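Undergrad: So that you have it, the file is query38.cif, and it contains mmCIF, C-alpha atoms:
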data_my_file
#
loop_
_atom_site.label_atom_id
_atom_site.label_comp_id
_atom_site.auth_asym_id
_atom_site.auth_seq_id
_atom_site.Cartn_x
_atom_site.Cartn_y
_atom_site.Cartn_z
CA MET A 1 56.13 51.94 113.41
CA SER A 2 54.03 55.10 113.45
CA ASN A 3 51.37 55.67 110.80
CA GLN A 4 52.01 59.42 110.68
CA THR A 5 52.88 60.97 107.34
CA ILE A 6 56.61 61.40 106.74
CA PRO A 7 57.08 64.90 105.26
CA ASN A 8 58.91 64.95 101.92
CA ILE A 9 59.70 61.23 101.89
CA TYR A 10 58.96 61.21 98.16
CA VAL A 11 61.67 63.78 97.33
CA TYR A 12 64.41 61.15 97.06
CA CYS A 13 62.39 57.98 96.46
CA ASP A 14 62.48 55.67 93.43
CA ARG A 15 58.87 56.37 92.37
CA TRP A 16 58.02 52.69 92.73
CA CYS A 17 54.90 52.95 94.86
CA GLU A 18 54.00 49.29 94.46
CA ARG A 19 57.31 48.28 96.04
CA CYS A 20 57.42 50.99 98.71
CA ALA A 21 57.62 50.07 102.40
CA PHE A 22 56.24 53.48 103.42
CA ALA A 23 53.41 54.10 100.94
CA SER A 24 50.78 54.62 103.66
CA ARG A 25 52.93 57.39 105.15
CA CYS A 26 53.63 59.22 101.89
CA GLU A 27 51.66 62.23 100.65
CA GLY A 28 52.67 61.41 97.08
CA TYR A 29 51.55 57.76 97.11
CA ALA A 30 49.71 56.89 93.90
CA ALA A 31 46.82 55.10 95.61
CA THR A 32 45.11 52.24 93.80
CA GLU A 33 42.03 50.19 94.56
CA LYS A 34 44.27 47.13 94.86
CA PHE A 35 46.35 48.46 97.77
CA THR A 36 44.58 50.51 100.43
CA GLY A 37 44.01 50.19 104.16
CA ASP A 38 45.04 46.86 105.68
CA LYS A 39 45.98 45.46 102.26
CA LEU A 40 48.41 48.33 101.79
CA ARG A 41 50.02 47.82 105.20
CA LYS A 42 50.38 44.10 104.47
CA LYS A 43 51.99 44.98 101.14
CA GLU A 44 54.40 47.31 102.92
CA ARG A 45 55.50 44.48 105.23
CA GLU A 46 56.03 42.23 102.21
CA ASN A 47 58.04 44.98 100.54
CA ARG A 48 60.33 45.35 103.55
CA LEU A 49 61.01 41.62 103.43
CA PHE A 50 61.63 41.85 99.68
CA TRP A 51 64.22 44.62 99.97
CA ASN A 52 65.86 42.99 102.98
CA ARG A 53 66.19 39.74 101.04
CA LEU A 54 67.71 41.58 98.10
CA ARG A 55 70.13 43.41 100.41
CA GLU A 56 71.45 40.06 101.63
CA TYR A 57 72.99 39.52 98.19
CA LEU A 58 74.85 42.84 98.22
CA LYS A 59 77.78 41.80 100.42
CA GLU A 60 78.23 38.57 98.48
CA SER A 61 78.04 40.42 95.18
CA SER A 62 80.60 43.03 96.34
CA GLU A 63 83.06 40.33 97.34
CA TYR A 64 82.55 38.53 94.04
CA ILE A 65 83.00 41.71 91.99
CA ASN A 66 86.18 42.76 93.80
CA ASN A 67 87.70 39.28 93.49
CA ARG A 68 86.86 38.97 89.80
CA ALA A 69 88.10 42.50 89.10
CA LYS A 70 91.41 41.62 90.73
CA GLU A 71 91.65 38.42 88.69
CA LYS A 72 90.92 40.31 85.47
CA GLY A 73 93.13 43.29 86.31
CA LYS A 74 90.23 45.76 86.42
CA ASP A 75 90.55 49.12 88.14
CA LEU A 76 87.06 49.84 89.47
CA LEU A 77 87.68 53.59 89.49
CA LEU A 78 88.58 53.83 85.81
CA PHE A 79 85.98 53.70 83.04
CA GLU A 80 86.76 51.64 79.95
CA ASP A 81 85.65 52.39 76.40
CA ILE A 82 83.65 55.50 77.25
CA PRO A 83 82.79 57.38 74.01
CA ARG A 84 84.47 60.73 73.51
CA GLN A 85 81.39 62.48 72.16
CA VAL A 86 78.00 62.03 73.78
CA LYS A 87 75.16 64.52 73.47
CA PHE A 88 73.56 65.66 76.69
CA ASP A 89 70.40 67.67 77.20
CA LEU A 90 70.26 70.85 79.27
CA PHE A 91 69.51 68.89 82.42
CA GLN A 92 73.21 68.12 82.70
CA ARG A 93 74.20 71.77 82.24
CA LYS A 94 78.01 71.84 81.85
CA ALA A 95 78.57 68.12 82.39
CA VAL A 96 79.28 67.36 78.72
CA SER A 97 82.65 65.79 79.51
CA ASN A 98 81.44 63.86 82.54
CA ASP A 99 82.49 60.21 82.29
CA VAL A 100 80.06 59.14 85.01
CA LEU A 101 77.11 60.37 82.97
CA LYS A 102 78.49 58.75 79.84
CA ALA A 103 78.86 55.52 81.77
CA GLY A 104 75.25 55.83 82.87
CA ARG A 105 74.17 55.90 79.23
CA LYS A 106 76.51 53.02 78.45
CA TYR A 107 74.88 50.99 81.21
CA GLU A 108 71.45 51.50 79.64
CA ASP A 109 72.73 50.16 76.32
CA LYS A 110 74.51 47.19 77.87
CA VAL A 111 71.33 46.15 79.67
CA ASP A 112 69.34 46.27 76.44
CA ASP A 113 72.02 44.36 74.53
CA LEU A 114 72.31 41.56 77.09
CA LEU A 115 68.58 41.10 77.61
CA ASP A 116 68.06 40.96 73.84
CA LYS A 117 70.81 38.34 73.61
CA LEU A 118 69.18 36.25 76.34
CA VAL A 119 65.90 36.43 74.43
CA ASP A 120 67.61 35.42 71.17
CA ASN A 121 69.17 32.44 72.95
CA GLY A 122 65.82 31.26 74.26
CA LEU A 123 66.52 32.02 77.92
CA LEU A 124 64.12 34.93 78.29
CA ALA A 125 60.71 35.74 76.89
CA VAL A 126 59.09 39.15 76.52
CA VAL A 127 55.58 39.17 77.94
CA GLU A 128 52.89 41.81 78.26
CA THR A 129 51.76 42.81 81.74
CA GLY A 130 49.27 45.32 83.06
CA SER A 131 52.05 47.91 83.32
CA GLY A 132 53.75 47.12 79.98
CA GLY A 133 56.32 44.65 78.72
CA ALA A 134 58.43 42.47 81.00
CA TYR A 135 61.09 39.77 80.73
CA LYS A 136 60.46 36.30 82.11
CA ILE A 137 62.99 33.50 82.40
CA ILE A 138 62.37 30.36 80.35
CA GLY A 139 63.25 27.00 81.81
CA THR A 140 64.91 26.28 85.14
CA PRO A 141 67.43 28.75 86.60
CA GLU A 142 70.84 27.40 87.56
CA ASN A 143 72.27 26.95 91.07
CA GLY A 144 68.85 26.33 92.59
CA ILE A 145 67.77 29.95 92.18
CA ASP A 146 64.02 30.33 92.45
CA HIS A 147 62.25 30.98 89.11
CA PHE A 148 59.99 33.66 90.60
CA TRP A 149 62.94 35.41 92.29
CA VAL A 150 64.85 35.68 88.99
CA ASN A 151 61.84 37.33 87.38
CA GLU A 152 61.63 39.74 90.30
CA MET A 153 65.30 40.62 89.82
CA LEU A 154 64.71 41.30 86.13
CA THR A 155 61.91 43.65 87.17
CA VAL A 156 64.26 45.49 89.54
CA ILE A 157 66.88 45.83 86.80
CA LEU A 158 64.41 47.23 84.29
CA ARG A 159 62.78 49.52 86.82
CA TYR A 160 66.11 51.21 87.57
CA GLN A 161 67.77 50.95 84.17
CA LEU A 162 66.75 54.44 83.00
CA GLN A 163 66.07 56.01 86.37
CA LEU A 164 69.66 55.59 87.49
CA TYR A 165 70.95 58.01 84.86
CA LEU A 166 68.32 60.58 85.82
CA LYS A 167 69.24 60.41 89.50
CA ILE A 168 72.91 60.90 88.69
CA SER A 169 72.08 63.75 86.34
CA ARG A 170 70.08 65.47 89.05
CA GLY A 171 73.04 65.23 91.40
CA TYR A 172 75.43 66.89 88.98
CA TYR A 173 72.85 69.46 87.93
CA SER A 174 72.17 70.52 91.52
CA ARG A 175 75.87 70.62 92.33
CA GLY A 176 76.40 72.88 89.32
CA LYS A 177 73.55 75.14 90.43
CA ALA A 178 74.99 75.30 93.95
CA ALA A 179 78.23 76.66 92.49
CA GLU A 180 76.37 79.30 90.44
CA ASP A 181 73.57 80.46 92.75
CA THR A 182 74.68 82.08 96.01
CA GLU A 183 71.16 82.56 97.37
CA ASP A 184 70.08 78.93 96.98
CA SER A 185 73.50 77.27 97.07
CA ALA A 186 72.83 75.39 100.31
CA ALA A 187 69.53 74.00 99.06
CA PHE A 188 71.03 72.88 95.74
CA SER A 189 74.06 71.39 97.46
CA ASN A 190 71.77 69.45 99.78
CA ASP A 191 69.70 68.24 96.84
CA ALA A 192 72.80 67.08 94.99
CA THR A 193 73.87 64.96 97.95
CA GLY A 194 70.40 63.48 98.39
CA ALA A 195 70.07 62.66 94.70
CA ILE A 196 73.41 60.85 94.68
CA LYS A 197 72.46 58.94 97.85
CA SER A 198 69.38 57.75 95.95
CA ALA A 199 71.44 56.90 92.87
CA VAL A 200 73.85 54.79 94.91
CA GLU A 201 70.94 52.88 96.43
CA LEU A 202 69.60 52.13 92.95
CA ILE A 203 73.06 50.97 91.91
CA GLU A 204 73.35 48.68 94.92
CA ARG A 205 69.93 47.15 94.31
CA SER A 206 70.81 46.67 90.64
CA LEU A 207 74.13 45.08 91.56
CA ALA A 208 72.39 42.59 93.84
CA ALA A 209 69.79 41.83 91.17
CA TRP A 210 72.44 41.28 88.49
CA PHE A 211 74.37 39.02 90.85
CA VAL A 212 71.30 36.82 91.22
CA CYS A 213 71.07 36.72 87.42
CA LEU A 214 74.74 35.79 87.20
CA LYS A 215 74.06 32.76 89.37
CA ALA A 216 70.85 31.88 87.51
CA PHE A 217 72.05 32.05 83.89
CA PRO A 218 74.55 29.77 82.11
CA VAL A 219 78.30 30.36 82.48
CA ARG A 220 78.64 31.44 78.85
CA PHE A 221 76.92 34.72 79.77
CA HIS A 222 78.96 35.41 82.89
CA ASP A 223 81.56 37.63 81.21
CA GLU A 224 78.87 39.97 79.91
CA ILE A 225 77.09 40.10 83.25
CA GLU A 226 80.41 40.72 84.98
CA ASP A 227 81.08 43.64 82.62
CA ILE A 228 77.79 45.15 83.79
CA LEU A 229 78.70 44.52 87.43
CA PHE A 230 82.09 46.18 86.87
CA LEU A 231 80.51 49.18 85.16
CA LEU A 232 77.93 49.73 87.90
CA THR A 233 80.57 49.38 90.59
CA THR A 234 82.84 51.88 88.83
CA ILE A 235 79.97 54.35 88.61
CA LYS A 236 79.25 53.85 92.30
CA ASN A 237 82.91 54.26 93.28
CA ASN A 238 83.25 57.49 91.32
CA LEU A 239 80.05 58.90 92.81
CA SER A 240 81.28 58.06 96.30
CA LYS A 241 84.56 59.83 95.53
CA GLU A 242 82.94 62.94 94.02
CA PHE A 243 80.12 63.19 96.58
CA PRO A 244 81.72 62.02 99.84
CA GLY A 245 78.81 63.32 101.92
CA ALA A 246 76.21 61.18 100.16
CA SER A 247 76.71 58.08 102.32
CA SER A 248 75.85 59.99 105.50
CA PHE A 249 72.96 61.96 104.00
CA VAL A 250 69.66 61.14 105.73
CA ARG A 251 66.69 61.06 103.37
CA PRO A 252 63.35 61.68 105.12
CA GLY A 253 61.92 58.34 106.17
CA LEU A 254 63.92 56.19 103.79
CA ASP A 255 67.10 56.25 105.87
CA GLU A 256 65.52 56.83 109.26
CA PHE A 257 63.20 53.89 109.71
CA PHE A 258 64.27 51.09 107.39
#
Represent the structure from my file as structure tokens, please.

TA:
Amino acid sequence: MSNQTIPNIYVYCDRWCERCAFASRCEGYAATEKFTGDKLRKKERENRLFWNRLREYLKESSEYINNRAKEKGKDLLLFEDIPRQVKFDLFQRKAVSNDVLKAGRKYEDKVDDLLDKLVDNGLLAVVETGSGGAYKIIGTPENGIDHFWVNEMLTVILRYQLQLYLKISRGYYSRGKAAEDTEDSAAFSNDATGAIKSAVELIERSLAAWFVCLKAFPVRFHDEIEDILFLLTTIKNNLSKEFPGASSFVRPGLDEFF
């Protein structure tokens, strides 16, 4: 792989420099004393292995979600129990009635509620790290899941919990601007597609992470985790339907070399 800078790779990234497989080729990389030079390139190789390992769970999680949805009679294109009135800031422009955005907010709340419940039941602990608070599993995970890997999945979930909504919002905002602004319509339309491509990737990574958690935590929490899996999948399906070009959009670097 070349060490040349990839122009604009940061435009559609997840802002997680520590987990990036292309940090040494990014103009926006937030360099630290811990990861530079050879150490950074080694970290990039480790990050590629990390994301590839996580991706291996995606197919299994998709099959599980579809089978369970069929068993429970869930339509993974229809949102359930979405509030009628939700306040949005100006970033969403005219998307006040957008169920996808409302579902994004609902996802944030469901994550908080479930993690709090796991803490209350003595399965998770909140610990302080150099970058803030984090959740760590207590005891031995079920089904032979590695303790360290579960904690990594919790980190992925928390990293994307709030960012997912912002990515989706950007997609709808740019699509709205494309419809309003003739001069820059093409640029905004392109940005909308790229933002949604990024949002779908965050959803897929979150789905895989939650699936690991489903296997690691006791059965009594499976219904609640499944509800989260259903919600994320429904968001993803609606985004794919509304932005059909997102799957084929090529983000600089991120979709070209991985």

Undergrad: Rounded to one decimal in Å, what is the spacing between atom CA of A:Ile138 and atom CA of A:Asp223?

TA: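 So the answer is 20.5 Å.
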
Undergrad: Up to 12 Å from (72.5, 50.4, 88.8) in the file's coordinates: name the residues, counting all atoms listed in the file, as a PDB file with C-alpha atoms, in the coordinates of the input.

TA:
ATOM      1  CA  ALA A 103      78.860  55.520  81.770  1.00  0.00           C
ATOM      2  CA  GLY A 104      75.250  55.830  82.870  1.00  0.00           C
ATOM      3  CA  ARG A 105      74.170  55.900  79.230  1.00  0.00           C
ATOM      4  CA  LYS A 106      76.510  53.020  78.450  1.00  0.00           C
ATOM      5  CA  TYR A 107      74.880  50.990  81.210  1.00  0.00           C
ATOM      6  CA  GLU A 108      71.450  51.500  79.640  1.00  0.00           C
ATOM      7  CA  LYS A 110      74.510  47.190  77.870  1.00  0.00           C
ATOM      8  CA  VAL A 111      71.330  46.150  79.670  1.00  0.00           C
ATOM      9  CA  VAL A 156      64.260  45.490  89.540  1.00  0.00           C
ATOM     10  CA  ILE A 157      66.880  45.830  86.800  1.00  0.00           C
ATOM     11  CA  LEU A 158      64.410  47.230  84.290  1.00  0.00           C
ATOM     12  CA  ARG A 159      62.780  49.520  86.820  1.00  0.00           C
ATOM     13  CA  TYR A 160      66.110  51.210  87.570  1.00  0.00           C
ATOM     14  CA  GLN A 161      67.770  50.950  84.170  1.00  0.00           C
ATOM     15  CA  LEU A 162      66.750  54.440  83.000  1.00  0.00           C
ATOM     16  CA  GLN A 163      66.070  56.010  86.370  1.00  0.00           C
ATOM     17  CA  LEU A 164      69.660  55.590  87.490  1.00  0.00           C
ATOM     18  CA  TYR A 165      70.950  58.010  84.860  1.00  0.00           C
ATOM     19  CA  LEU A 166      68.320  60.580  85.820  1.00  0.00           C
ATOM     20  CA  LYS A 167      69.240  60.410  89.500  1.00  0.00           C
ATOM     21  CA  ILE A 168      72.910  60.900  88.690  1.00  0.00           C
ATOM     22  CA  SER A 198      69.380  57.750  95.950  1.00  0.00           C
ATOM     23  CA  ALA A 199      71.440  56.900  92.870  1.00  0.00           C
ATOM     24  CA  VAL A 200      73.850  54.790  94.910  1.00  0.00           C
ATOM     25  CA  GLU A 201      70.940  52.880  96.430  1.00  0.00           C
ATOM     26  CA  LEU A 202      69.600  52.130  92.950  1.00  0.00           C
ATOM     27  CA  ILE A 203      73.060  50.970  91.910  1.00  0.00           C
ATOM     28  CA  GLU A 204      73.350  48.680  94.920  1.00  0.00           C
ATOM     29  CA  ARG A 205      69.930  47.150  94.310  1.00  0.00           C
ATOM     30  CA  SER A 206      70.810  46.670  90.640  1.00  0.00           C
ATOM     31  CA  LEU A 207      74.130  45.080  91.560  1.00  0.00           C
ATOM     32  CA  ALA A 208      72.390  42.590  93.840  1.00  0.00           C
ATOM     33  CA  ALA A 209      69.790  41.830  91.170  1.00  0.00           C
ATOM     34  CA  TRP A 210      72.440  41.280  88.490  1.00  0.00           C
ATOM     35  CA  PHE A 211      74.370  39.020  90.850  1.00  0.00           C
ATOM     36  CA  ILE A 228      77.790  45.150  83.790  1.00  0.00           C
ATOM     37  CA  LEU A 229      78.700  44.520  87.430  1.00  0.00           C
ATOM     38  CA  PHE A 230      82.090  46.180  86.870  1.00  0.00           C
ATOM     39  CA  LEU A 231      80.510  49.180  85.160  1.00  0.00           C
ATOM     40  CA  LEU A 232      77.930  49.730  87.900  1.00  0.00           C
ATOM     41  CA  THR A 233      80.570  49.380  90.590  1.00  0.00           C
ATOM     42  CA  THR A 234      82.840  51.880  88.830  1.00  0.00           C
ATOM     43  CA  ILE A 235      79.970  54.350  88.610  1.00  0.00           C
ATOM     44  CA  LYS A 236      79.250  53.850  92.300  1.00  0.00           C
ATOM     45  CA  ASN A 237      82.910  54.260  93.280  1.00  0.00           C
TER      46      ASN A 237
END

Undergrad: Using only C-alpha atoms, which residues sit within 10 Å of A:Glu18 once same-chain residues fewer than 3 positions away are excluded, as a count of residues only?

TA: 13

Undergrad: Please report the interatomic distance between atom CA of A:Phe249 and atom CA of A:Ala178 in Å with one decimal.

TA: 16.8 Å

Undergrad: Check which residues satisfy the PyMOL selection byres ((chain A and resi 222) around 12) in the file shown, then give them as number ranges by chain.

TA: A: 65, 68, 114, 118, 210-221, 223-230

Undergrad: A:Arg53, A:Asp14, A:Asp112, A:Asp99: which is nearest A:Glu152, counting only C-alpha atoms?

TA: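 Residue with the minimum atom-to-atom distance to A:Glu152: A:Arg53.
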
Undergrad: Restricting the calculation to all atoms listed in the file: of A:Val150, A:Val250, A:Cys17, A:Gly144, which residue gets closest to A:Ile196?

TA: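 Of all the options, A:Val250 lies closest to A:Ile196.
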
Undergrad: Show me the residues around (75.1, 67.0, 92.4) - criterion: an atom at most 10 Å away, all atoms listed in the file counted - as a ChimeraX atom specification.

TA: /A:92,167-178,188-196,239,242-243,246

Undergrad: What would the file look like if the residues just selected were written as a CSV table (one decimal), in the coordinates of the input with C-alpha atoms?

TA:
chain,number,residue,atom,x,y,z
A,92,GLN,CA,73.2,68.1,82.7
A,167,LYS,CA,69.2,60.4,89.5
A,168,ILE,CA,72.9,60.9,88.7
A,169,SER,CA,72.1,63.8,86.3
A,170,ARG,CA,70.1,65.5,89.0
A,171,GLY,CA,73.0,65.2,91.4
A,172,TYR,CA,75.4,66.9,89.0
A,173,TYR,CA,72.8,69.5,87.9
A,174,SER,CA,72.2,70.5,91.5
A,175,ARG,CA,75.9,70.6,92.3
A,176,GLY,CA,76.4,72.9,89.3
A,177,LYS,CA,73.6,75.1,90.4
A,178,ALA,CA,75.0,75.3,94.0
A,188,PHE,CA,71.0,72.9,95.7
A,189,SER,CA,74.1,71.4,97.5
A,190,ASN,CA,71.8,69.4,99.8
A,191,ASP,CA,69.7,68.2,96.8
A,192,ALA,CA,72.8,67.1,95.0
A,193,THR,CA,73.9,65.0,98.0
A,194,GLY,CA,70.4,63.5,98.4
A,195,ALA,CA,70.1,62.7,94.7
A,196,ILE,CA,73.4,60.8,94.7
A,239,LEU,CA,80.0,58.9,92.8
A,242,GLU,CA,82.9,62.9,94.0
A,243,PHE,CA,80.1,63.2,96.6
A,246,ALA,CA,76.2,61.2,100.2

Undergrad: Convert the output of the PyMOL selection byres ((chain A and resi 8) around 9) on the shown file into explicit residues, formatted as number ranges by chain.

TA: A: 6-7, 9-12, 26-28, 251-253

Undergrad: From the options A:Gly37, A:Leu123, A:Arg48, A:Tyr64, which residue's atoms come nearest to A:Cys20, counting all atoms listed in the file?

TA: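 For A:Cys20, the nearest of the given residues is A:Arg48.
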
Undergrad: Could you please determine the separation between atom CA of A:Leu115 and atom CA of A:Asp146 in Å, to one decimal place?

TA: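 Answer for the atom CA of A:Leu115 to atom CA of A:Asp146 separation: 18.9 Å.
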